[in-house]
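Participant: I am sharing upload_18.cif, which consists of mmCIF, C-alpha atoms:
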```cif
data_entry
#
loop_
_atom_site.group_PDB
_atom_site.id
_atom_site.type_symbol
_atom_site.label_atom_id
_atom_site.label_comp_id
_atom_site.auth_asym_id
_atom_site.auth_seq_id
_atom_site.Cartn_x
_atom_site.Cartn_y
_atom_site.Cartn_z
ATOM 1 C CA MET A 367 -6.416 16.512 -78.966
ATOM 2 C CA ARG A 368 -10.065 16.437 -79.972
ATOM 3 C CA LEU A 369 -11.182 19.252 -77.673
ATOM 4 C CA GLU A 370 -10.266 20.981 -74.443
ATOM 5 C CA LEU A 371 -12.816 20.161 -71.758
ATOM 6 C CA ALA A 372 -11.833 23.151 -69.608
ATOM 7 C CA LYS A 373 -12.570 25.579 -72.456
ATOM 8 C CA VAL A 374 -15.643 23.876 -73.892
ATOM 9 C CA SER A 375 -17.391 23.199 -70.585
ATOM 10 C CA PRO A 376 -15.688 25.032 -67.723
ATOM 11 C CA ALA A 377 -18.440 24.079 -65.259
ATOM 12 C CA ALA A 378 -17.997 20.354 -65.973
ATOM 13 C CA TYR A 379 -14.235 20.680 -65.694
ATOM 14 C CA HIS A 380 -14.500 22.524 -62.375
ATOM 15 C CA ALA A 381 -16.901 19.883 -61.049
ATOM 16 C CA MET A 382 -14.277 17.216 -61.774
ATOM 17 C CA LEU A 383 -11.597 19.411 -60.210
ATOM 18 C CA GLY A 384 -13.787 19.732 -57.121
ATOM 19 C CA LEU A 385 -13.923 15.971 -56.700
ATOM 20 C CA GLU A 386 -10.188 15.700 -57.392
ATOM 21 C CA GLY A 387 -9.538 18.436 -54.831
ATOM 22 C CA PHE A 388 -11.506 16.551 -52.206
ATOM 23 C CA VAL A 389 -9.619 13.333 -52.922
ATOM 24 C CA THR A 390 -6.217 15.033 -52.865
ATOM 25 C CA LYS A 391 -6.709 17.483 -50.001
ATOM 26 C CA SER A 392 -9.511 16.251 -47.770
ATOM 27 C CA SER A 393 -9.646 12.461 -48.041
ATOM 28 C CA LYS A 394 -6.746 12.101 -45.585
ATOM 29 C CA LEU A 395 -5.412 9.182 -47.649
ATOM 30 C CA GLU A 396 -1.675 8.960 -48.155
ATOM 31 C CA VAL A 397 -0.363 10.735 -51.269
ATOM 32 C CA SER A 398 1.731 7.696 -52.195
ATOM 33 C CA LEU A 399 -1.277 5.381 -51.936
ATOM 34 C CA LEU A 400 -3.436 7.704 -54.044
ATOM 35 C CA GLU A 401 -0.806 7.893 -56.770
ATOM 36 C CA LEU A 402 -0.445 4.098 -56.875
ATOM 37 C CA VAL A 403 -4.215 3.707 -57.189
ATOM 38 C CA LYS A 404 -4.380 6.350 -59.919
ATOM 39 C CA ILE A 405 -1.586 4.732 -61.893
ATOM 40 C CA ARG A 406 -3.005 1.224 -61.545
ATOM 41 C CA ALA A 407 -6.506 2.235 -62.679
ATOM 42 C CA SER A 408 -4.947 4.173 -65.561
ATOM 43 C CA GLN A 409 -2.908 1.121 -66.582
ATOM 44 C CA ILE A 410 -6.058 -0.984 -66.690
ATOM 45 C CA ASN A 411 -7.891 1.675 -68.698
ATOM 46 C CA GLY A 412 -4.951 2.215 -71.048
ATOM 47 C CA CYS A 413 -4.807 5.953 -70.337
ATOM 48 C CA ALA A 414 -1.313 7.017 -71.392
ATOM 49 C CA PHE A 415 -1.858 10.631 -70.333
ATOM 50 C CA SER A 416 -2.771 9.671 -66.754
ATOM 51 C CA ILE A 417 -0.034 7.037 -66.481
ATOM 52 C CA ASP A 418 2.489 9.679 -67.518
ATOM 53 C CA MET A 419 1.038 12.318 -65.172
ATOM 54 C CA HIS A 420 0.691 10.182 -62.075
ATOM 55 C CA SER A 421 3.977 8.334 -62.434
ATOM 56 C CA LYS A 422 5.708 11.742 -62.636
ATOM 57 C CA ASP A 423 3.789 13.015 -59.594
ATOM 58 C CA ALA A 424 4.556 9.791 -57.710
ATOM 59 C CA ARG A 425 8.297 10.151 -58.381
ATOM 60 C CA VAL A 426 8.352 13.801 -57.295
ATOM 61 C CA ASN A 427 6.542 12.777 -54.109
ATOM 62 C CA GLY A 428 9.114 10.080 -53.271
ATOM 63 C CA GLU A 429 7.895 6.929 -55.009
ATOM 64 C CA THR A 430 10.596 4.479 -56.087
ATOM 65 C CA GLU A 431 11.227 3.344 -59.632
ATOM 66 C CA GLN A 432 11.144 -0.279 -58.492
ATOM 67 C CA ARG A 433 7.579 -0.010 -57.199
ATOM 68 C CA LEU A 434 6.399 1.919 -60.242
ATOM 69 C CA TYR A 435 7.858 -0.661 -62.609
ATOM 70 C CA ALA A 436 6.292 -3.520 -60.652
ATOM 71 C CA LEU A 437 2.885 -1.926 -60.174
ATOM 72 C CA SER A 438 1.101 -3.881 -62.899
ATOM 73 C CA ALA A 439 2.297 -7.098 -61.209
ATOM 74 C CA TRP A 440 1.869 -5.941 -57.604
ATOM 75 C CA ARG A 441 0.429 -9.271 -56.438
ATOM 76 C CA GLU A 442 3.695 -11.016 -57.290
ATOM 77 C CA THR A 443 5.972 -8.680 -55.325
ATOM 78 C CA THR A 444 6.751 -7.840 -51.734
ATOM 79 C CA PHE A 445 7.198 -4.133 -52.510
ATOM 80 C CA PHE A 446 3.767 -3.004 -51.295
ATOM 81 C CA THR A 447 2.263 -2.817 -47.807
ATOM 82 C CA ASN A 448 -0.918 -4.682 -46.899
ATOM 83 C CA ARG A 449 -2.782 -1.371 -46.986
ATOM 84 C CA GLU A 450 -1.467 -0.568 -50.465
ATOM 85 C CA ARG A 451 -2.271 -4.089 -51.651
ATOM 86 C CA ALA A 452 -5.844 -3.741 -50.410
ATOM 87 C CA ALA A 453 -6.190 -0.355 -52.125
ATOM 88 C CA LEU A 454 -4.814 -1.767 -55.383
ATOM 89 C CA ALA A 455 -7.224 -4.723 -55.189
ATOM 90 C CA SER A 456 -10.077 -2.266 -54.681
ATOM 91 C CA ALA A 457 -8.880 -0.115 -57.579
ATOM 92 C CA GLU A 458 -8.848 -3.143 -59.845
ATOM 93 C CA ALA A 459 -12.261 -4.356 -58.657
ATOM 94 C CA LEU A 460 -13.962 -0.984 -59.138
ATOM 95 C CA THR A 461 -12.194 -0.234 -62.430
ATOM 96 C CA LEU A 462 -13.092 -3.674 -63.792
ATOM 97 C CA ILE A 463 -16.570 -3.522 -62.237
ATOM 98 C CA THR A 464 -18.103 -5.932 -64.760
ATOM 99 C CA GLU A 465 -15.661 -8.641 -63.670
ATOM 100 C CA GLY A 466 -16.962 -9.782 -60.310
ATOM 101 C CA HIS A 467 -18.885 -6.646 -59.350
ATOM 102 C CA ALA A 468 -16.510 -5.721 -56.518
ATOM 103 C CA SER A 469 -16.549 -9.082 -54.785
ATOM 104 C CA ASP A 470 -17.117 -9.627 -51.085
ATOM 105 C CA GLU A 471 -13.605 -11.081 -50.923
ATOM 106 C CA VAL A 472 -12.026 -7.823 -52.109
ATOM 107 C CA TYR A 473 -14.320 -5.781 -49.863
ATOM 108 C CA ASP A 474 -13.379 -7.862 -46.826
ATOM 109 C CA GLU A 475 -9.690 -7.438 -47.645
ATOM 110 C CA VAL A 476 -10.055 -3.659 -47.959
ATOM 111 C CA ARG A 477 -12.087 -3.384 -44.738
ATOM 112 C CA LYS A 478 -9.208 -4.938 -42.812
ATOM 113 C CA GLU A 479 -6.998 -1.998 -43.798
ATOM 114 C CA PHE A 480 -9.423 0.937 -44.121
ATOM 115 C CA GLY A 481 -12.054 2.415 -41.826
ATOM 116 C CA GLU A 482 -15.491 3.195 -43.215
ATOM 117 C CA LYS A 483 -14.748 6.840 -44.014
ATOM 118 C CA GLU A 484 -11.417 5.915 -45.581
ATOM 119 C CA LEU A 485 -13.166 3.284 -47.679
ATOM 120 C CA VAL A 486 -15.632 5.850 -49.014
ATOM 121 C CA ASN A 487 -12.760 8.238 -49.753
ATOM 122 C CA LEU A 488 -10.722 5.503 -51.444
ATOM 123 C CA SER A 489 -13.738 4.597 -53.578
ATOM 124 C CA LEU A 490 -14.149 8.260 -54.559
ATOM 125 C CA ALA A 491 -10.470 8.390 -55.528
ATOM 126 C CA ILE A 492 -10.951 5.349 -57.774
ATOM 127 C CA ILE A 493 -14.141 6.780 -59.264
ATOM 128 C CA THR A 494 -12.401 10.085 -59.930
ATOM 129 C CA ILE A 495 -9.400 8.618 -61.745
ATOM 130 C CA ASN A 496 -11.691 6.437 -63.828
ATOM 131 C CA GLY A 497 -13.612 9.582 -64.801
ATOM 132 C CA TRP A 498 -10.425 11.450 -65.698
ATOM 133 C CA ASN A 499 -9.222 8.433 -67.707
ATOM 134 C CA ARG A 500 -12.397 8.380 -69.744
ATOM 135 C CA LEU A 501 -12.177 12.097 -70.450
ATOM 136 C CA ALA A 502 -8.490 11.922 -71.373
ATOM 137 C CA ILE A 503 -8.984 8.898 -73.630
ATOM 138 C CA GLY A 504 -12.203 10.178 -75.186
ATOM 139 C CA PHE A 505 -10.774 13.597 -76.009
ATOM 140 C CA ARG A 506 -7.292 12.237 -76.859
ATOM 141 C CA LYS A 507 -5.324 14.141 -74.238
ATOM 142 C CA ILE A 508 -1.685 14.044 -75.342
ATOM 143 C CA PRO A 509 0.755 12.386 -72.910
ATOM 144 C CA GLY A 510 4.259 13.616 -72.231
ATOM 145 C CA GLU A 511 3.856 17.346 -71.675
ATOM 146 C CA TYR A 512 2.655 17.222 -68.067
ATOM 147 C CA GLN A 513 5.047 18.707 -65.509
ATOM 148 C CA PRO A 514 4.912 17.108 -62.045
ATOM 149 C CA HIS A 515 4.398 18.879 -58.744
ATOM 150 C CA LYS A 516 4.962 17.974 -55.135
ATOM 151 C CA ILE A 517 1.757 17.418 -53.212
ATOM 152 C CA GLY A 518 1.382 18.647 -49.663
#
```
Produce structure tokens that represent the structure in this file.
Facilitator:
Amino acid sequence: MRLELAKVSPAAYHAMLGLEGFVTKSSKLEVSLLELVKIRASQINGCAFSIDMHSKDARVNGETEQRLYALSAWRETTFFTNRERAALASAEALTLITEGHASDEVYDEVRKEFGEKELVNLSLAIITINGWNRLAIGFRKIPGEYQPHKIG
């Protein structure tokens, strides 16, 4: 690992933890949905540390192997609810922001499944995981050592 963010800049690390804490504890979004979004954004970004972490957390919190294995091809399966599909489309659109700039089509799809407050909270969840991915990739956080925990 290049450096440890928490030691080098504790204030920055705690600011990120504050946003993560809001997403996890106060957003009122389903834990399973949040983990799917975090994994999918991490797959797109190529963040091995976060893929490892969030797939472990998802399993501990009841996610199935089948859905985890199929996540990168979610559009071609029937394993995900309409709400999850909308969240995954939003995660892809915001993670790949330069490709289509979060199209009206994706927005309309997400609005069918999420209220305004939920949409803001979902967007913050996507923003947060993208931030964590960039920190983990940039500082070469080592995957594999993370131990999962049950949320809630």
Participant: For the file shown, report as a list in words the outcome of the PyMOL selection byres ((chain A and resi 505) around 9) at residue level.
Facilitator: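 When the PyMOL selection byres ((chain A and resi 505) around 9) is applied to the shown file, the picked residues are Met367, Arg368, Leu369, Glu370, Leu371, Arg500, Leu501, Ala502, Ile503, Gly504, Arg506 and Lys507 of chain A.
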Participant: Would you mind exporting C-alpha atoms of the selected residues as a PDB file, in the frame of the given file?
Facilitator:
```
ATOM      1  CA  MET A 367      -6.416  16.512 -78.966  1.00  0.00           C
ATOM      2  CA  ARG A 368     -10.065  16.437 -79.972  1.00  0.00           C
ATOM      3  CA  LEU A 369     -11.182  19.252 -77.673  1.00  0.00           C
ATOM      4  CA  GLU A 370     -10.266  20.981 -74.443  1.00  0.00           C
ATOM      5  CA  LEU A 371     -12.816  20.161 -71.758  1.00  0.00           C
ATOM      6  CA  ARG A 500     -12.397   8.380 -69.744  1.00  0.00           C
ATOM      7  CA  LEU A 501     -12.177  12.097 -70.450  1.00  0.00           C
ATOM      8  CA  ALA A 502      -8.490  11.922 -71.373  1.00  0.00           C
ATOM      9  CA  ILE A 503      -8.984   8.898 -73.630  1.00  0.00           C
ATOM     10  CA  GLY A 504     -12.203  10.178 -75.186  1.00  0.00           C
ATOM     11  CA  ARG A 506      -7.292  12.237 -76.859  1.00  0.00           C
ATOM     12  CA  LYS A 507      -5.324  14.141 -74.238  1.00  0.00           C
TER      13      LYS A 507
END
```
Participant: Could you list, as a ChimeraX atom specification, every residue within 7 Å of A:Ala453, counting all atoms listed in the file and ignoring same-chain residues fewer than 3 positions away?
Facilitator: /A:403,449-450,456-457,476
Participant: May I ask for the distance between atom CA of A:Leu437 and atom CA of A:Arg406, given in Å to one decimal place?
Facilitator: 6.8 Å
Participant: Measuring atom to atom with only C-alpha atoms, identify which of A:Gly497, A:Phe445, A:His515, A:Leu488 is nearest to A:Leu395.
Facilitator: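 Once distances to A:Leu395 are computed over only C-alpha atoms, the minimum belongs to A:Leu488.
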Participant: When you draw a straight line from atom CA of A:Glu431 to atom CA of A:Gly412, how long is it in Å?
Facilitator: 19.8 Å
Participant: For A:Glu396, which of A:Asn487, A:Thr461, A:Ser438, A:Thr430 is the closest residue, counting all atoms listed in the file?
Facilitator: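 Going through A:Asn487, A:Thr461, A:Ser438, A:Thr430 one by one, the smallest distance to A:Glu396 is for A:Asn487.
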Participant: What is the distance, in Å and to one decimal place, between atom CA of A:Asn427 and atom CA of A:Ala452?
Facilitator: 21.0 Å
Participant: Could you pull the residues within 12 Å of A:Leu454, counting all atoms listed in the file, minus those fewer than 5 positions along the same chain, as a ChimeraX atom specification?
Facilitator: /A:398-410,437-441,446-449,459-462,472-473,475-476,479,488-489,491-492
Participant: What does the file look like for those residues with C-alpha atoms, as a tab-separated table (two decimals), in the frame of the given file?
Facilitator:
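For reference, result17.tsv as written:
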```tsv
chain	number	residue	atom	x	y	z
A	398	SER	CA	1.73	7.70	-52.20
A	399	LEU	CA	-1.28	5.38	-51.94
A	400	LEU	CA	-3.44	7.70	-54.04
A	401	GLU	CA	-0.81	7.89	-56.77
A	402	LEU	CA	-0.44	4.10	-56.88
A	403	VAL	CA	-4.22	3.71	-57.19
A	404	LYS	CA	-4.38	6.35	-59.92
A	405	ILE	CA	-1.59	4.73	-61.89
A	406	ARG	CA	-3.00	1.22	-61.54
A	407	ALA	CA	-6.51	2.24	-62.68
A	408	SER	CA	-4.95	4.17	-65.56
A	409	GLN	CA	-2.91	1.12	-66.58
A	410	ILE	CA	-6.06	-0.98	-66.69
A	437	LEU	CA	2.88	-1.93	-60.17
A	438	SER	CA	1.10	-3.88	-62.90
A	439	ALA	CA	2.30	-7.10	-61.21
A	440	TRP	CA	1.87	-5.94	-57.60
A	441	ARG	CA	0.43	-9.27	-56.44
A	446	PHE	CA	3.77	-3.00	-51.30
A	447	THR	CA	2.26	-2.82	-47.81
A	448	ASN	CA	-0.92	-4.68	-46.90
A	449	ARG	CA	-2.78	-1.37	-46.99
A	459	ALA	CA	-12.26	-4.36	-58.66
A	460	LEU	CA	-13.96	-0.98	-59.14
A	461	THR	CA	-12.19	-0.23	-62.43
A	462	LEU	CA	-13.09	-3.67	-63.79
A	472	VAL	CA	-12.03	-7.82	-52.11
A	473	TYR	CA	-14.32	-5.78	-49.86
A	475	GLU	CA	-9.69	-7.44	-47.64
A	476	VAL	CA	-10.06	-3.66	-47.96
A	479	GLU	CA	-7.00	-2.00	-43.80
A	488	LEU	CA	-10.72	5.50	-51.44
A	489	SER	CA	-13.74	4.60	-53.58
A	491	ALA	CA	-10.47	8.39	-55.53
A	492	ILE	CA	-10.95	5.35	-57.77
```
Participant: With only C-alpha atoms as the basis for distance, which of A:Ile508, A:Ile517, A:Val374, A:Cys413 is at the shortest distance from A:Val426?
Facilitator: A:Ile517
Participant: Go through A:Arg425, A:Glu482, A:His467, A:Leu434 one by one, measure the shortest atom-to-atom distance of each to A:Gln513 using all atoms listed in the file, and give the residue with the smallest value.
Facilitator: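 Selected residue with least distance to A:Gln513: A:Arg425.
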Participant: Written as a list in words, which residues does the PyMOL selection byres ((chain A and resi 377-383) around 12) give for the file shown?
Facilitator: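 Evaluating the PyMOL selection byres ((chain A and resi 377-383) around 12) on these coordinates yields Glu370, Leu371, Ala372, Lys373, Val374, Ser375, Pro376, Gly384, Leu385, Glu386, Gly387, Phe388, Val389, Thr390, Lys391, Leu490, Ala491, Ile493, Thr494, Ile495, Asn496, Gly497, Trp498, Asn499, Leu501 and Ala502 of chain A.
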